$ cat run.cif   # mmCIF, C-alpha atoms
data_start
loop_
_atom_site.label_atom_id
_atom_site.label_comp_id
_atom_site.auth_asym_id
_atom_site.auth_seq_id
_atom_site.Cartn_x
_atom_site.Cartn_y
_atom_site.Cartn_z
CA ASP A 1 52.08 83.75 23.73
CA VAL A 2 54.55 86.61 23.22
CA LEU A 3 54.99 85.91 19.52
CA GLN A 4 51.34 84.89 19.12
CA TRP A 5 52.30 81.62 17.50
CA LYS A 6 49.88 78.73 17.36
CA ALA A 7 50.79 75.66 19.43
CA ALA A 8 51.25 73.63 16.24
CA GLU A 9 53.75 76.20 14.90
CA VAL A 10 55.74 76.11 18.13
CA GLY A 11 55.63 72.31 18.07
CA ASP A 12 57.05 72.26 14.55
CA ALA A 13 59.77 74.72 15.51
CA ILE A 14 60.96 72.80 18.58
CA GLY A 15 60.12 69.25 17.53
CA ALA A 16 57.28 68.66 19.99
CA SER A 17 53.64 67.70 19.66
CA THR A 18 50.88 70.27 19.84
CA ALA A 19 49.61 68.62 23.02
CA ALA A 20 53.08 68.90 24.62
CA VAL A 21 53.31 72.59 23.71
CA ASN A 22 49.85 73.28 25.15
CA SER A 23 50.82 71.45 28.35
CA LEU A 24 54.05 73.45 28.65
CA LEU A 25 52.18 76.69 28.06
CA GLN A 26 49.58 75.83 30.69
CA ARG A 27 52.28 75.06 33.29
CA ALA A 28 54.22 78.22 32.38
CA ARG A 29 51.12 80.39 32.83
CA ALA A 30 50.42 78.77 36.21
CA GLN A 31 54.01 79.38 37.31
CA LEU A 32 53.88 83.03 36.21
CA ASP A 33 50.61 83.51 38.06
CA ALA A 34 52.18 82.03 41.19
CA VAL A 35 55.32 84.20 41.21
CA GLY A 36 54.26 87.34 39.37
CA PRO A 37 53.07 90.59 40.90
CA SER A 38 49.56 90.61 42.24
CA GLU A 39 47.10 93.24 43.36
CA ASP A 40 48.17 92.44 46.94
CA ASP A 41 51.76 93.57 46.28
CA ASP A 42 52.47 96.88 47.92
CA LEU A 43 54.78 98.30 45.28
CA ALA A 44 54.70 102.08 45.12
CA ALA A 45 53.89 103.75 41.81
CA PRO A 46 56.98 105.52 40.39
CA ASP A 47 55.22 108.89 40.49
CA SER A 48 53.95 108.54 44.07
CA PRO A 49 55.44 111.01 46.57
CA GLU A 50 56.91 108.10 48.57
CA ALA A 51 58.65 106.56 45.55
CA LYS A 52 59.98 109.93 44.38
CA ALA A 53 61.35 110.74 47.84
CA LEU A 54 62.98 107.33 48.18
CA LEU A 55 64.53 107.57 44.71
CA ASP A 56 65.85 111.05 45.60
CA ARG A 57 67.47 109.64 48.77
CA TYR A 58 68.86 106.69 46.80
CA ILE A 59 70.40 109.03 44.22
CA ALA A 60 71.77 111.35 46.92
CA ALA A 61 73.40 108.45 48.79
CA PHE A 62 75.16 107.19 45.67
CA GLU A 63 76.28 110.65 44.55
CA ALA A 64 77.65 111.39 48.04
CA TYR A 65 79.23 107.92 48.12
CA ASP A 66 77.52 107.44 51.49
CA ILE A 67 77.19 103.68 51.66
CA ASP A 68 75.79 103.77 55.21
CA LYS A 69 72.91 106.00 54.05
CA LEU A 70 72.39 103.73 51.05
CA VAL A 71 72.18 100.63 53.26
CA GLU A 72 69.49 102.34 55.38
CA LEU A 73 67.23 102.61 52.32
CA PHE A 74 66.94 98.85 51.75
CA THR A 75 64.39 96.50 53.27
CA ALA A 76 65.72 93.65 55.40
CA ASP A 77 65.11 91.15 52.58
CA ALA A 78 66.29 93.40 49.74
CA ILE A 79 67.82 91.81 46.65
CA TRP A 80 70.41 93.29 44.28
CA GLU A 81 71.01 91.82 40.82
CA MET A 82 73.38 92.85 38.01
CA PRO A 83 72.57 91.17 34.70
CA PRO A 84 74.34 89.60 32.87
CA PHE A 85 75.93 88.20 36.07
CA ASP A 86 73.84 85.36 37.45
CA GLY A 87 74.77 86.00 41.10
CA TRP A 88 72.78 88.28 43.36
CA TYR A 89 73.05 89.80 46.82
CA GLN A 90 70.44 89.67 49.57
CA GLY A 91 70.10 92.00 52.51
CA PRO A 92 71.24 95.58 53.08
CA GLU A 93 74.62 94.58 54.51
CA ALA A 94 75.45 92.44 51.47
CA VAL A 95 74.47 95.31 49.14
CA GLY A 96 76.63 97.69 51.20
CA MET A 97 79.58 95.30 51.03
CA LEU A 98 79.16 95.08 47.26
CA ALA A 99 79.14 98.87 46.94
CA ARG A 100 82.18 99.29 49.21
CA ASP A 101 84.29 96.47 47.76
CA LYS A 102 83.37 96.20 44.08
CA CYS A 103 82.12 99.60 42.95
CA PRO A 104 84.76 101.54 40.99
CA ALA A 105 83.75 104.78 42.74
CA GLU A 106 86.05 105.99 45.49
CA VAL A 107 84.75 109.40 46.58
CA ALA A 108 81.69 111.61 46.47
CA GLY A 109 81.16 112.93 42.96
CA ASP A 110 82.47 109.82 41.19
CA MET A 111 78.88 108.77 40.47
CA ARG A 112 75.97 110.78 39.10
CA LEU A 113 72.46 109.52 38.55
CA ILE A 114 69.54 110.73 36.46
CA ARG A 115 66.03 109.65 37.40
CA THR A 116 63.76 107.87 34.94
CA THR A 117 61.16 105.10 34.98
CA ALA A 118 61.31 101.57 33.60
CA ASN A 119 58.43 99.12 33.34
CA GLY A 120 56.35 101.35 35.61
CA GLN A 121 59.04 101.38 38.30
CA PRO A 122 61.37 104.11 39.57
CA ALA A 123 64.74 103.90 37.87
CA ALA A 124 67.97 105.86 37.47
CA GLY A 125 70.78 105.94 34.97
CA MET A 126 74.12 105.81 36.80
CA TYR A 127 77.16 107.51 35.36
CA MET A 128 80.73 106.87 36.55
CA ARG A 129 83.49 109.47 36.41
CA ASN A 130 86.07 108.74 33.70
CA ALA A 131 89.49 109.56 35.16
CA ASP A 132 90.92 110.33 31.71
CA THR A 133 88.25 112.75 30.50
CA GLY A 134 86.66 113.97 33.73
CA GLU A 135 83.25 113.25 32.18
CA HIS A 136 80.77 110.85 33.70
CA ASP A 137 80.13 107.92 31.34
CA ALA A 138 77.01 105.74 31.25
CA PHE A 139 77.60 102.82 33.60
CA GLN A 140 74.42 101.09 34.85
CA LEU A 141 70.65 101.44 34.66
CA HIS A 142 69.08 100.82 38.09
CA VAL A 143 65.45 99.66 38.22
CA LEU A 144 63.99 99.69 41.74
CA ASP A 145 61.12 97.95 43.49
CA VAL A 146 59.95 100.45 46.11
CA ARG A 147 57.76 99.38 49.02
CA PRO A 148 56.61 101.32 52.07
CA GLY A 149 59.59 99.96 54.05
CA GLY A 150 62.21 100.96 51.48
CA VAL A 151 63.91 99.60 48.39
CA SER A 152 63.21 95.88 48.17
CA HIS A 153 64.87 94.99 44.87
CA VAL A 154 67.32 96.60 42.47
CA VAL A 155 68.24 95.30 39.06
CA ALA A 156 71.37 97.17 37.94
CA PHE A 157 71.68 96.54 34.20
CA LEU A 158 75.25 96.81 32.93
CA ASP A 159 74.07 97.23 29.33
CA THR A 160 74.83 100.87 28.53
CA SER A 161 72.94 100.61 25.23
CA LEU A 162 69.80 100.90 27.37
CA PHE A 163 70.59 104.56 28.09
CA GLU A 164 69.63 105.64 24.58
CA LYS A 165 66.37 103.70 24.82
CA PHE A 166 65.49 105.68 27.94
CA GLY A 167 66.46 109.01 26.41
CA LEU A 168 69.53 109.28 28.65
CA PRO A 169 72.78 110.75 27.30
CA PRO A 170 75.91 108.58 27.02
CA HIS A 171 77.99 111.13 28.97
CA LEU A 172 77.43 113.92 31.49
#
$ encode --input "run.cif" --output "structure tokens"
Amino acid sequence: DVLQWKAAEVGDAIGASTAAVNSLLQRARAQLDAVGPSEDDDLAAPDSPEAKALLDRYIAAFEAYDIDKLVELFTADAIWEMPPFDGWYQGPEAVGMLARDKCPAEVAGDMRLIRTTANGQPAAGMYMRNADTGEHDAFQLHVLDVRPGGVSHVVAFLDTSLFEKFGLPPHL
């Protein structure tokens, strides 16, 4: 679908019959329909006042290195992911533990964030203070799912090449 190939072309490429490719595609579409966002999802638009306020509080908590305030922003079932790592964390306490134990920041001011949007969701580029230069270097791109109850999902991409794609500078 993404490449707009015909089923026969895909079949030739992967060594499968056209019927098998069509069957796989039909099952994949059904699975995506079952797990994908729907009109019933209560995600906030990135430019809504609620999403902007929550993103502002999220940024302020990180920049102040106030992990307790950060934990308060997450829903009870919140999930945190960091591609390319395949592990993830669930629940505000687990996210707080991750921030306290694994984040290279140690004090307020070690992290700075710049707001942006990604895939129609609130996002922020995170910069980490470089002890050698004193500058803040690109570190992670956070993409948030924001619901009325708080932040329900964060994907923190460790690929700093994304910063340029979002018009974010490599250093602050």
$ residues_around --input "run.cif" --residues "range 60-65 of chain A" --least-positions-apart "6" --cutoff "10 Å" --atoms "all atoms listed in the file" --output "list in words"
Leu54, Val71, Glu72, Leu73, Ala99, Arg100, Ala105, Glu106, Val107, Ala108, Gly109, Asp110, Met111, Arg112, Leu113, Met126, Tyr127 and Met128 of chain A
$ closest_residue --input "run.cif" --among "A:His171, A:Arg27, A:Lys6, A:Arg147" --to "Glu50 in chain A" --atoms "only C-alpha atoms"
A:Arg147
$ resolve_selection --input "run.cif" --expression "the PyMOL selection byres ((chain A and resi 76) around 12)" --output "ChimeraX atom specification"
/A:71-75,77-79,89-95,147,149-153
$ closest_residue --input "run.cif" --among "A:Asp86, A:Gly96, A:Leu172, A:Phe163" --to "Gly134 in chain A" --atoms "all atoms listed in the file"
A:Leu172
$ atom_distance --input "run.cif" --atom1 "CA of Gln121 in chain A" --atom2 "CA of Pro84 in chain A"
20.1 Å
$ residues_around --input "run.cif" --residues "Glu81 in chain A" --least-positions-apart "2" --cutoff "7 Å" --atoms "only C-alpha atoms" --output "list of chain:residue names"
A:Ile79, A:Pro83, A:Gly87, A:Trp88, A:Tyr89, A:Val154, A:Val155, A:Ala156
$ closest_residue --input "run.cif" --among "A:Thr160, A:Ala7, A:Asp33, A:Ala138" --to "Ala19 in chain A" --atoms "only C-alpha atoms"
A:Ala7
$ atom_distance --input "run.cif" --atom1 "CA of Val143 in chain A" --atom2 "CA of Ala124 in chain A"
6.7 Å
$ closest_residue --input "run.cif" --among "A:Pro169, A:Gly11, A:Phe85, A:Ser161" --to "His136 in chain A" --atoms "only C-alpha atoms"
A:Pro169
$ atom_distance --input "run.cif" --atom1 "CA of Arg129 in chain A" --atom2 "CA of Lys165 in chain A"
21.5 Å
$ resolve_selection --input "run.cif" --expression "the PyMOL selection byres ((chain A and resi 115) around 10)" --output "MDAnalysis selection string"
chainID A and resid 52 55:56 59 113:114 116:117 122:126 141:142 168
$ closest_residue --input "run.cif" --among "A:Leu70, A:Pro104, A:Leu162, A:Ser17" --to "Tyr58 in chain A" --atoms "all atoms listed in the file"
A:Leu70
$ closest_residue --input "run.cif" --among "A:Glu164, A:Gln140, A:Ala51, A:Asp132" --to "Gly120 in chain A" --atoms "all atoms listed in the file"
A:Ala51
$ decode --input "run.cif" --residues "range 102-115 of chain A" --atoms "all heavy atoms" --output "CSV table (one decimal), in the first residue's frame"
chain,number,residue,atom,x,y,z
A,102,LYS,N,18.4,6.9,35.0
A,102,LYS,CA,19.1,6.8,33.7
A,102,LYS,C,19.4,8.0,33.0
A,102,LYS,O,20.2,8.0,32.1
A,102,LYS,CB,18.3,5.8,32.8
A,102,LYS,CG,18.0,4.5,33.4
A,102,LYS,CD,19.2,3.6,33.6
A,102,LYS,CE,18.9,2.3,34.2
A,102,LYS,NZ,20.0,1.5,34.6
A,103,CYS,N,18.7,9.1,33.3
A,103,CYS,CA,18.9,10.3,32.6
A,103,CYS,C,20.2,11.0,32.9
A,103,CYS,O,20.6,11.0,34.1
A,103,CYS,CB,17.7,11.3,32.9
A,103,CYS,SG,17.8,12.9,32.1
A,104,PRO,N,21.0,11.4,32.0
A,104,PRO,CA,22.3,12.0,32.3
A,104,PRO,C,22.2,13.4,33.0
A,104,PRO,O,23.2,13.8,33.5
A,104,PRO,CB,23.0,12.1,30.9
A,104,PRO,CG,21.9,12.0,29.9
A,104,PRO,CD,20.8,11.3,30.5
A,105,ALA,N,21.0,14.0,33.0
A,105,ALA,CA,20.9,15.3,33.7
A,105,ALA,C,21.1,15.0,35.2
A,105,ALA,O,20.7,14.0,35.8
A,105,ALA,CB,19.5,15.9,33.4
A,106,GLU,N,21.6,16.1,35.9
A,106,GLU,CA,21.7,16.0,37.3
A,106,GLU,C,21.1,17.1,38.1
A,106,GLU,O,20.7,17.0,39.3
A,106,GLU,CB,23.2,15.9,37.7
A,106,GLU,CG,23.9,14.7,37.1
A,106,GLU,CD,25.4,14.7,37.4
A,106,GLU,OE1,26.0,15.7,37.9
A,106,GLU,OE2,26.0,13.7,37.0
A,107,VAL,N,21.0,18.3,37.4
A,107,VAL,CA,20.4,19.5,38.1
A,107,VAL,C,19.6,20.3,37.1
A,107,VAL,O,19.6,20.1,35.9
A,107,VAL,CB,21.5,20.4,38.7
A,107,VAL,CG1,22.4,19.7,39.7
A,107,VAL,CG2,22.4,20.9,37.6
A,108,ALA,N,18.8,21.2,37.7
A,108,ALA,CA,18.0,22.1,36.9
A,108,ALA,C,19.0,22.8,35.9
A,108,ALA,O,20.1,23.2,36.3
A,108,ALA,CB,17.3,23.1,37.7
A,109,GLY,N,18.5,23.0,34.7
A,109,GLY,CA,19.3,23.7,33.7
A,109,GLY,C,20.1,22.7,32.8
A,109,GLY,O,20.6,23.2,31.7
A,110,ASP,N,20.3,21.5,33.2
A,110,ASP,CA,21.0,20.5,32.4
A,110,ASP,C,20.2,20.2,31.1
A,110,ASP,O,20.8,19.9,30.0
A,110,ASP,CB,21.2,19.2,33.1
A,110,ASP,CG,22.4,19.3,34.1
A,110,ASP,OD1,23.2,20.3,34.0
A,110,ASP,OD2,22.6,18.3,34.8
A,111,MET,N,18.9,20.3,31.1
A,111,MET,CA,18.1,20.0,30.0
A,111,MET,C,17.3,21.3,29.5
A,111,MET,O,16.9,22.0,30.4
A,111,MET,CB,17.1,18.9,30.3
A,111,MET,CG,17.7,17.6,30.6
A,111,MET,SD,16.4,16.4,31.1
A,111,MET,CE,16.2,16.8,32.8
A,112,ARG,N,17.2,21.4,28.2
A,112,ARG,CA,16.4,22.5,27.6
A,112,ARG,C,15.5,21.8,26.6
A,112,ARG,O,16.0,20.9,25.9
A,112,ARG,CB,17.2,23.6,27.1
A,112,ARG,CG,17.9,24.4,28.2
A,112,ARG,CD,18.6,25.6,27.8
A,112,ARG,NE,17.8,26.5,27.0
A,112,ARG,CZ,18.3,27.4,26.1
A,112,ARG,NH1,19.6,27.5,26.0
A,112,ARG,NH2,17.5,28.2,25.4
A,113,LEU,N,14.3,22.3,26.4
A,113,LEU,CA,13.4,21.8,25.4
A,113,LEU,C,12.8,22.9,24.6
A,113,LEU,O,12.6,24.0,25.1
A,113,LEU,CB,12.3,21.0,26.1
A,113,LEU,CG,12.7,19.6,26.7
A,113,LEU,CD1,13.2,19.8,28.1
A,113,LEU,CD2,11.6,18.6,26.6
A,114,ILE,N,12.6,22.6,23.3
A,114,ILE,CA,12.0,23.5,22.4
A,114,ILE,C,10.7,22.8,21.8
A,114,ILE,O,10.8,21.7,21.3
A,114,ILE,CB,12.9,23.9,21.2
A,114,ILE,CG1,14.1,24.7,21.7
A,114,ILE,CG2,12.1,24.7,20.2
A,114,ILE,CD1,15.1,25.1,20.6
A,115,ARG,N,9.6,23.5,21.9
A,115,ARG,CA,8.3,22.9,21.4
A,115,ARG,C,8.3,22.8,19.9
A,115,ARG,O,8.9,23.6,19.2
A,115,ARG,CB,7.2,23.6,22.0
A,115,ARG,CG,7.0,25.0,21.4
A,115,ARG,CD,5.7,25.7,21.7
A,115,ARG,NE,5.2,25.6,23.0
A,115,ARG,CZ,4.1,24.9,23.4
A,115,ARG,NH1,3.4,24.2,22.6
A,115,ARG,NH2,3.8,24.9,24.7
